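Note: the block below is upload27.pdb and it holds PDB, C-alpha atoms.
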ATOM      1  CA  MET A   1       0.000   0.000   0.000  1.00  0.00           C
ATOM      2  CA  SER A   2       1.077   3.540  -0.641  1.00  0.00           C
ATOM      3  CA  ARG A   3       2.241   5.182   2.574  1.00  0.00           C
ATOM      4  CA  TYR A   4       1.485   8.655   3.742  1.00  0.00           C
ATOM      5  CA  ASP A   5       3.810  11.575   4.267  1.00  0.00           C
ATOM      6  CA  ALA A   6       3.126  12.945   7.724  1.00  0.00           C
ATOM      7  CA  THR A   7       4.421  15.306  10.287  1.00  0.00           C
ATOM      8  CA  GLU A   8       5.937  13.651  13.387  1.00  0.00           C
ATOM      9  CA  ASP A   9       3.373  10.996  14.160  1.00  0.00           C
ATOM     10  CA  PRO A  10       2.854   9.665  17.691  1.00  0.00           C
ATOM     11  CA  LEU A  11       0.695   6.896  16.197  1.00  0.00           C
ATOM     12  CA  CYS A  12       3.780   5.344  14.557  1.00  0.00           C
ATOM     13  CA  TYR A  13       6.443   3.199  16.131  1.00  0.00           C
ATOM     14  CA  THR A  14       9.483   5.344  16.952  1.00  0.00           C
ATOM     15  CA  GLY A  15      11.775   5.845  13.974  1.00  0.00           C
ATOM     16  CA  THR A  16       9.315   4.271  11.516  1.00  0.00           C
ATOM     17  CA  HIS A  17       6.248   5.108   9.450  1.00  0.00           C
ATOM     18  CA  VAL A  18       4.529   1.929  10.669  1.00  0.00           C
ATOM     19  CA  LEU A  19       1.353   2.671  12.592  1.00  0.00           C
ATOM     20  CA  LYS A  20       1.121   1.238  16.092  1.00  0.00           C
ATOM     21  CA  ASN A  21      -1.349  -1.603  15.978  1.00  0.00           C
ATOM     22  CA  LYS A  22      -3.053  -4.109  18.236  1.00  0.00           C
ATOM     23  CA  ALA A  23      -1.017  -7.003  16.823  1.00  0.00           C
ATOM     24  CA  GLY A  24       2.276  -5.237  17.598  1.00  0.00           C
ATOM     25  CA  LEU A  25       3.458  -5.618  13.994  1.00  0.00           C
ATOM     26  CA  GLN A  26       6.371  -3.336  13.168  1.00  0.00           C
ATOM     27  CA  ASN A  27       6.924  -4.438   9.566  1.00  0.00           C
ATOM     28  CA  GLN A  28       4.759  -2.560   7.050  1.00  0.00           C
ATOM     29  CA  ASP A  29       4.081  -5.564   4.807  1.00  0.00           C
ATOM     30  CA  ASP A  30       2.963  -7.639   7.801  1.00  0.00           C
ATOM     31  CA  LEU A  31       0.718  -4.813   8.993  1.00  0.00           C
ATOM     32  CA  ASP A  32      -0.779  -4.362   5.514  1.00  0.00           C
ATOM     33  CA  GLN A  33      -1.645  -8.070   5.363  1.00  0.00           C
ATOM     34  CA  PHE A  34      -3.100  -8.091   8.876  1.00  0.00           C
ATOM     35  CA  GLU A  35      -5.094  -4.931   8.237  1.00  0.00           C
ATOM     36  CA  GLN A  36      -6.546  -6.294   5.001  1.00  0.00           C
ATOM     37  CA  LEU A  37      -7.453  -9.617   6.632  1.00  0.00           C
ATOM     38  CA  MET A  38      -9.264  -7.864   9.481  1.00  0.00           C
ATOM     39  CA  PHE A  39     -10.981  -5.507   7.020  1.00  0.00           C
ATOM     40  CA  LEU A  40     -12.223  -8.403   4.885  1.00  0.00           C
ATOM     41  CA  THR A  41     -13.406 -10.278   7.961  1.00  0.00           C
ATOM     42  CA  ARG A  42     -15.390  -7.281   9.232  1.00  0.00           C
ATOM     43  CA  SER A  43     -16.717  -6.649   5.693  1.00  0.00           C
ATOM     44  CA  GLU A  44     -18.671  -9.886   5.965  1.00  0.00           C
ATOM     45  CA  GLU A  45     -20.537  -8.596   9.028  1.00  0.00           C
ATOM     46  CA  PRO A  46     -23.493  -6.186   9.014  1.00  0.00           C
ATOM     47  CA  PHE A  47     -22.440  -2.533   9.003  1.00  0.00           C
ATOM     48  CA  PRO A  48     -23.435  -0.287  11.883  1.00  0.00           C
ATOM     49  CA  ASP A  49     -26.827   1.333  11.453  1.00  0.00           C
ATOM     50  CA  GLY A  50     -27.020   5.081  11.046  1.00  0.00           C
ATOM     51  CA  ASP A  51     -28.103   8.066   9.011  1.00  0.00           C
ATOM     52  CA  LEU A  52     -24.994   8.411   6.815  1.00  0.00           C
ATOM     53  CA  ASP A  53     -23.925  11.394   8.857  1.00  0.00           C
ATOM     54  CA  TYR A  54     -20.398  11.927  10.136  1.00  0.00           C
ATOM     55  CA  ASP A  55     -20.970   9.900  13.321  1.00  0.00           C
ATOM     56  CA  HIS A  56     -22.211   7.011  11.208  1.00  0.00           C
ATOM     57  CA  TYR A  57     -19.219   7.322   8.864  1.00  0.00           C
ATOM     58  CA  LYS A  58     -16.884   7.158  11.877  1.00  0.00           C
ATOM     59  CA  ARG A  59     -18.721   4.075  13.165  1.00  0.00           C
ATOM     60  CA  ILE A  60     -18.197   2.408   9.770  1.00  0.00           C
ATOM     61  CA  HIS A  61     -14.463   3.124  10.007  1.00  0.00           C
ATOM     62  CA  HIS A  62     -14.420   1.752  13.555  1.00  0.00           C
ATOM     63  CA  HIS A  63     -16.250  -1.367  12.403  1.00  0.00           C
ATOM     64  CA  PHE A  64     -13.630  -2.130   9.766  1.00  0.00           C
ATOM     65  CA  PHE A  65     -10.499  -1.289  11.765  1.00  0.00           C
ATOM     66  CA  GLN A  66     -11.400  -1.968  15.406  1.00  0.00           C
ATOM     67  CA  ASP A  67      -9.238  -5.116  15.452  1.00  0.00           C
ATOM     68  CA  VAL A  68      -6.210  -3.249  14.124  1.00  0.00           C
ATOM     69  CA  TYR A  69      -6.014   0.230  15.674  1.00  0.00           C
ATOM     70  CA  ASP A  70      -6.990   1.744  19.016  1.00  0.00           C
ATOM     71  CA  TRP A  71      -7.948   4.948  17.186  1.00  0.00           C
ATOM     72  CA  ALA A  72     -10.374   3.277  14.752  1.00  0.00           C
ATOM     73  CA  GLY A  73     -13.306   5.588  14.098  1.00  0.00           C
ATOM     74  CA  GLN A  74     -11.537   8.680  15.403  1.00  0.00           C
ATOM     75  CA  SER A  75     -10.716  11.654  13.234  1.00  0.00           C
ATOM     76  CA  ARG A  76      -7.126  12.305  12.228  1.00  0.00           C
ATOM     77  CA  GLU A  77      -5.049  14.537  14.515  1.00  0.00           C
ATOM     78  CA  ILE A  78      -1.919  15.100  12.442  1.00  0.00           C
ATOM     79  CA  ARG A  79      -1.204  16.638   9.054  1.00  0.00           C
ATOM     80  CA  THR A  80      -0.768  14.077   6.293  1.00  0.00           C
ATOM     81  CA  ALA A  81      -0.101  14.050   2.571  1.00  0.00           C
ATOM     82  CA  LYS A  82       0.189  11.544  -0.227  1.00  0.00           C
ATOM     83  CA  GLY A  83       2.377  12.113  -3.233  1.00  0.00           C
ATOM     84  CA  GLY A  84       3.151  15.610  -2.011  1.00  0.00           C
ATOM     85  CA  ASN A  85      -0.543  16.580  -1.834  1.00  0.00           C
ATOM     86  CA  TRP A  86      -1.600  17.696   1.644  1.00  0.00           C
ATOM     87  CA  PHE A  87      -5.009  16.688   2.895  1.00  0.00           C
ATOM     88  CA  CYS A  88      -7.287  18.891   4.989  1.00  0.00           C
ATOM     89  CA  TYR A  89      -5.551  20.058   8.157  1.00  0.00           C
ATOM     90  CA  PRO A  90      -6.802  18.057  11.134  1.00  0.00           C
ATOM     91  CA  GLU A  91      -8.216  21.061  12.953  1.00  0.00           C
ATOM     92  CA  TYR A  92     -10.773  21.431  10.129  1.00  0.00           C
ATOM     93  CA  VAL A  93     -11.589  17.753   9.492  1.00  0.00           C
ATOM     94  CA  ASP A  94     -14.628  17.457  11.766  1.00  0.00           C
ATOM     95  CA  SER A  95     -16.339  20.655  10.618  1.00  0.00           C
ATOM     96  CA  LYS A  96     -15.666  19.900   6.932  1.00  0.00           C
ATOM     97  CA  MET A  97     -17.024  16.349   7.252  1.00  0.00           C
ATOM     98  CA  GLU A  98     -20.089  17.514   9.187  1.00  0.00           C
ATOM     99  CA  ARG A  99     -20.834  20.128   6.520  1.00  0.00           C
ATOM    100  CA  LEU A 100     -20.255  17.769   3.593  1.00  0.00           C
ATOM    101  CA  LEU A 101     -22.375  14.931   4.955  1.00  0.00           C
ATOM    102  CA  SER A 102     -25.117  17.392   5.909  1.00  0.00           C
ATOM    103  CA  GLN A 103     -25.120  18.515   2.276  1.00  0.00           C
ATOM    104  CA  LEU A 104     -25.369  14.865   1.215  1.00  0.00           C
ATOM    105  CA  ALA A 105     -28.372  14.444   3.554  1.00  0.00           C
ATOM    106  CA  ARG A 106     -30.035  17.497   1.984  1.00  0.00           C
ATOM    107  CA  GLU A 107     -29.662  15.697  -1.356  1.00  0.00           C
ATOM    108  CA  ASN A 108     -31.419  12.720   0.269  1.00  0.00           C
ATOM    109  CA  HIS A 109     -28.209  10.683  -0.075  1.00  0.00           C
ATOM    110  CA  LEU A 110     -28.693  10.843  -3.858  1.00  0.00           C
ATOM    111  CA  ALA A 111     -31.689   8.470  -3.580  1.00  0.00           C
ATOM    112  CA  GLU A 112     -33.834  10.589  -5.903  1.00  0.00           C
ATOM    113  CA  ILE A 113     -31.365  10.560  -8.791  1.00  0.00           C
ATOM    114  CA  SER A 114     -32.395   7.925 -11.326  1.00  0.00           C
ATOM    115  CA  ASP A 115     -30.124   9.013 -14.183  1.00  0.00           C
ATOM    116  CA  ARG A 116     -26.954   6.907 -14.055  1.00  0.00           C
ATOM    117  CA  THR A 117     -24.647   9.632 -15.346  1.00  0.00           C
ATOM    118  CA  GLN A 118     -26.010  12.302 -13.019  1.00  0.00           C
ATOM    119  CA  LEU A 119     -25.738   9.898 -10.076  1.00  0.00           C
ATOM    120  CA  ALA A 120     -22.119   9.122 -10.962  1.00  0.00           C
ATOM    121  CA  VAL A 121     -21.314  12.848 -11.173  1.00  0.00           C
ATOM    122  CA  ARG A 122     -22.849  13.627  -7.754  1.00  0.00           C
ATOM    123  CA  ALA A 123     -21.304  10.551  -6.132  1.00  0.00           C
ATOM    124  CA  ALA A 124     -17.911  11.526  -7.571  1.00  0.00           C
ATOM    125  CA  HIS A 125     -18.290  14.960  -6.005  1.00  0.00           C
ATOM    126  CA  TYR A 126     -18.829  13.526  -2.530  1.00  0.00           C
ATOM    127  CA  ILE A 127     -16.175  10.833  -2.780  1.00  0.00           C
ATOM    128  CA  ALA A 128     -13.630  13.373  -4.080  1.00  0.00           C
ATOM    129  CA  GLU A 129     -14.434  15.818  -1.276  1.00  0.00           C
ATOM    130  CA  ILE A 130     -14.156  13.136   1.413  1.00  0.00           C
ATOM    131  CA  ASN A 131     -10.854  12.039  -0.099  1.00  0.00           C
ATOM    132  CA  ALA A 132      -9.518  15.602   0.074  1.00  0.00           C
ATOM    133  CA  ILE A 133     -10.600  15.874   3.705  1.00  0.00           C
ATOM    134  CA  HIS A 134      -9.175  12.418   4.534  1.00  0.00           C
ATOM    135  CA  PRO A 135     -10.749  12.203   7.989  1.00  0.00           C
ATOM    136  CA  PHE A 136      -8.827   9.157   9.255  1.00  0.00           C
ATOM    137  CA  ARG A 137      -5.160   8.389   9.706  1.00  0.00           C
ATOM    138  CA  ASP A 138      -5.545   5.273   7.534  1.00  0.00           C
ATOM    139  CA  GLY A 139      -8.356   3.343   5.870  1.00  0.00           C
ATOM    140  CA  ASN A 140      -9.914   6.290   4.061  1.00  0.00           C
ATOM    141  CA  GLY A 141     -10.137   4.677   0.624  1.00  0.00           C
ATOM    142  CA  ARG A 142     -11.948   1.605   1.881  1.00  0.00           C
ATOM    143  CA  CYS A 143     -14.459   3.764   3.766  1.00  0.00           C
ATOM    144  CA  GLN A 144     -14.974   5.920   0.667  1.00  0.00           C
ATOM    145  CA  LEU A 145     -15.727   2.829  -1.445  1.00  0.00           C
ATOM    146  CA  THR A 146     -18.114   1.595   1.241  1.00  0.00           C
ATOM    147  CA  LEU A 147     -19.952   4.919   1.202  1.00  0.00           C
ATOM    148  CA  LEU A 148     -20.074   4.806  -2.595  1.00  0.00           C
ATOM    149  CA  ASP A 149     -21.547   1.295  -2.422  1.00  0.00           C
ATOM    150  CA  ILE A 150     -24.208   2.505   0.046  1.00  0.00           C
ATOM    151  CA  LEU A 151     -25.069   5.560  -2.085  1.00  0.00           C
ATOM    152  CA  LEU A 152     -25.459   3.457  -5.217  1.00  0.00           C
ATOM    153  CA  ASP A 153     -27.585   0.943  -3.324  1.00  0.00           C
ATOM    154  CA  VAL A 154     -29.846   3.701  -1.940  1.00  0.00           C
ATOM    155  CA  SER A 155     -30.344   4.881  -5.534  1.00  0.00           C
ATOM    156  CA  GLY A 156     -31.262   1.411  -6.785  1.00  0.00           C
ATOM    157  CA  PHE A 157     -27.923   0.484  -8.351  1.00  0.00           C
ATOM    158  CA  GLU A 158     -25.218  -1.959  -7.373  1.00  0.00           C
ATOM    159  CA  MET A 159     -21.487  -1.423  -7.333  1.00  0.00           C
ATOM    160  CA  ASN A 160     -19.721  -4.242  -9.124  1.00  0.00           C
ATOM    161  CA  GLU A 161     -16.365  -4.326  -7.334  1.00  0.00           C
ATOM    162  CA  GLU A 162     -14.945  -6.666  -9.960  1.00  0.00           C
ATOM    163  CA  LEU A 163     -15.097  -3.746 -12.397  1.00  0.00           C
ATOM    164  CA  ILE A 164     -12.851  -1.553 -10.239  1.00  0.00           C
ATOM    165  CA  GLU A 165      -9.518  -1.169 -11.961  1.00  0.00           C
ATOM    166  CA  PRO A 166      -7.284  -0.137  -9.028  1.00  0.00           C
ATOM    167  CA  GLU A 167      -4.688   1.862 -10.970  1.00  0.00           C
ATOM    168  CA  GLN A 168      -7.322   3.650 -13.035  1.00  0.00           C
ATOM    169  CA  PHE A 169      -9.429   4.376  -9.952  1.00  0.00           C
ATOM    170  CA  MET A 170      -6.404   5.708  -8.041  1.00  0.00           C
ATOM    171  CA  SER A 171      -5.490   7.910 -10.990  1.00  0.00           C
ATOM    172  CA  ALA A 172      -9.069   9.243 -11.056  1.00  0.00           C
ATOM    173  CA  MET A 173      -8.900   9.972  -7.320  1.00  0.00           C
ATOM    174  CA  ILE A 174      -5.649  11.899  -7.777  1.00  0.00           C
ATOM    175  CA  THR A 175      -7.153  13.859 -10.677  1.00  0.00           C
ATOM    176  CA  SER A 176     -10.192  14.680  -8.532  1.00  0.00           C
ATOM    177  CA  PHE A 177      -7.870  16.004  -5.828  1.00  0.00           C
ATOM    178  CA  HIS A 178      -6.813  18.625  -8.367  1.00  0.00           C
ATOM    179  CA  GLY A 179     -10.400  19.625  -9.156  1.00  0.00           C
ATOM    180  CA  ASP A 180     -11.311  17.387 -12.111  1.00  0.00           C
ATOM    181  CA  ASN A 181     -13.998  14.859 -11.118  1.00  0.00           C
ATOM    182  CA  VAL A 182     -14.737  13.662 -14.677  1.00  0.00           C
ATOM    183  CA  PRO A 183     -12.448  10.578 -14.622  1.00  0.00           C
ATOM    184  CA  LEU A 184     -13.821   9.616 -11.200  1.00  0.00           C
ATOM    185  CA  ALA A 185     -17.426   9.949 -12.383  1.00  0.00           C
ATOM    186  CA  GLU A 186     -16.556   7.824 -15.436  1.00  0.00           C
ATOM    187  CA  ALA A 187     -14.952   5.184 -13.202  1.00  0.00           C
ATOM    188  CA  ILE A 188     -18.045   5.130 -10.969  1.00  0.00           C
ATOM    189  CA  LEU A 189     -20.314   4.850 -13.990  1.00  0.00           C
ATOM    190  CA  ARG A 190     -18.365   1.795 -15.193  1.00  0.00           C
ATOM    191  CA  MET A 191     -18.817   0.131 -11.789  1.00  0.00           C
ATOM    192  CA  MET A 192     -22.590   0.581 -11.698  1.00  0.00           C
ATOM    193  CA  SER A 193     -24.926  -2.260 -12.537  1.00  0.00           C
TER
END

Have the structure of the file written as structure tokens, please.
Amino acid sequence: MSRYDATEDPLCYTGTHVLKNKAGLQNQDDLDQFEQLMFLTRSEEPFPDGDLDYDHYKRIHHHFFQDVYDWAGQSREIRTAKGGNWFCYPEYVDSKMERLLSQLARENHLAEISDRTQLAVRAAHYIAEINAIHPFRDGNGRCQLTLLDILLDVSGFEMNEELIEPEQFMSAMITSFHGDNVPLAEAILRMMS
């Protein structure tokens, strides 16, 4: 997995970029494997109920990562970047997420959009914005895909995960970070069935 750039991080083992974890793993590859195994295991369980607000989104993150990190479901407290692109500063994360997910609620979680292309465009907007905020220290992408899956389901569509092309999707996410959501909307459209 691609690692983050971060300011001095108390969540990492001293002298490393490896996040402290419940298994005590200090090798990044071992942690990545453990994290993915726990994520897949929790993916098979029912998600926490909620209103798709920020508290619910944090509970989803906690659900997936509770076996791996003590801070699962808690908003990020340090500044992080990926590929030289800095995400929202932590002091603004909570207010930005509250505002964004309130806007999503005002759009009835996109449930009233029946046009596939329009749905993909609006979903891309929200996923891109959440990615730029990056509310958690790790696990953001998997939570974003989970939210996307829920939004498509609410609108009467399914997300076919087999149609996700990881490199293409990551490229679309990076492009969206720079203000162009078109490739992300196209990638979402391809995943819809």

Mind giving me the straight-line distance from CA of Pro90 in chain A to CA of Arg137 in chain A in Å, one decimal?
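Distance reported for this atom pair: 9.9 Å.
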
Which neighbours of range 54-56 of chain A fall inside 7 Å, counting all atoms listed in the file, when residues of the same chain fewer than 6 positions from it are skipped, and could you give them as an mmCIF file with C-alpha atoms, in the frame of the given file?
data_model
loop_
_atom_site.group_PDB
_atom_site.id
_atom_site.type_symbol
_atom_site.label_atom_id
_atom_site.label_comp_id
_atom_site.auth_asym_id
_atom_site.auth_seq_id
_atom_site.Cartn_x
_atom_site.Cartn_y
_atom_site.Cartn_z
ATOM 1 C CA MET A 97 -17.024 16.349 7.252
ATOM 2 C CA GLU A 98 -20.089 17.514 9.187
ATOM 3 C CA LEU A 101 -22.375 14.931 4.955
#

Around the point (-13.8, 6.7, -12.9), in the coordinates given by the file, pick out the residues reaching within 12 Å, counting all atoms listed in the file, and return them as a ChimeraX atom specification.
/A:117,120-121,123-125,127-128,163-176,180-192

Hey, what's within 10 Å of range 147-151 of chain A if we count all atoms listed in the file and toss same-chain stuff fewer than 2 positions away? As a PyMOL selection string, please?
chain A and resi 52+57+60+104+108-111+119-120+123-124+126-127+141-145+153-161+188+191-192

What is the distance, in Å and to one decimal place, between CA of Asp138 in chain A and CA of Glu162 in chain A?
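The value is 23.2 Å.
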
Can you list, as a count of residues only, every protein, DNA or RNA residue that comes within 10 Å of range 35-50 of chain A when you count only C-alpha atoms, leaving out same-chain residues fewer than 4 positions away?
24

Residues matched by the PyMOL selection byres ((chain A and resi 92) around 12) as a ChimeraX atom specification:
/A:75-79,87-91,93-99,132-135

Using only C-alpha atoms, which residue out of A:Leu152, A:Asn131, A:Asp9, A:Asp53 lies closest to Glu112 in chain A?
A:Leu152

Two-atom distance - CA of Asp51 in chain A, CA of Ala72 in chain A (Å)
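Distance reported for this atom pair: 19.2 Å.
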
For Gly84 in chain A, which residue among A:Leu11, A:Trp71, A:Ser193, A:Phe177 is the nearest when counting all atoms listed in the file?
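Smallest distance to Gly84 in chain A is found for A:Phe177.
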
Please give the centre and size of the box around range 169-185 of chain A (axis-aligned, containing every atom listed in the file, 6 Å added per side), with values in Å to one decimal and written as AutoDock Vina command-line options.
--center_x -11.5 --center_y 12.0 --center_z -10.3 --size_x 23.9 --size_y 27.2 --size_z 20.8
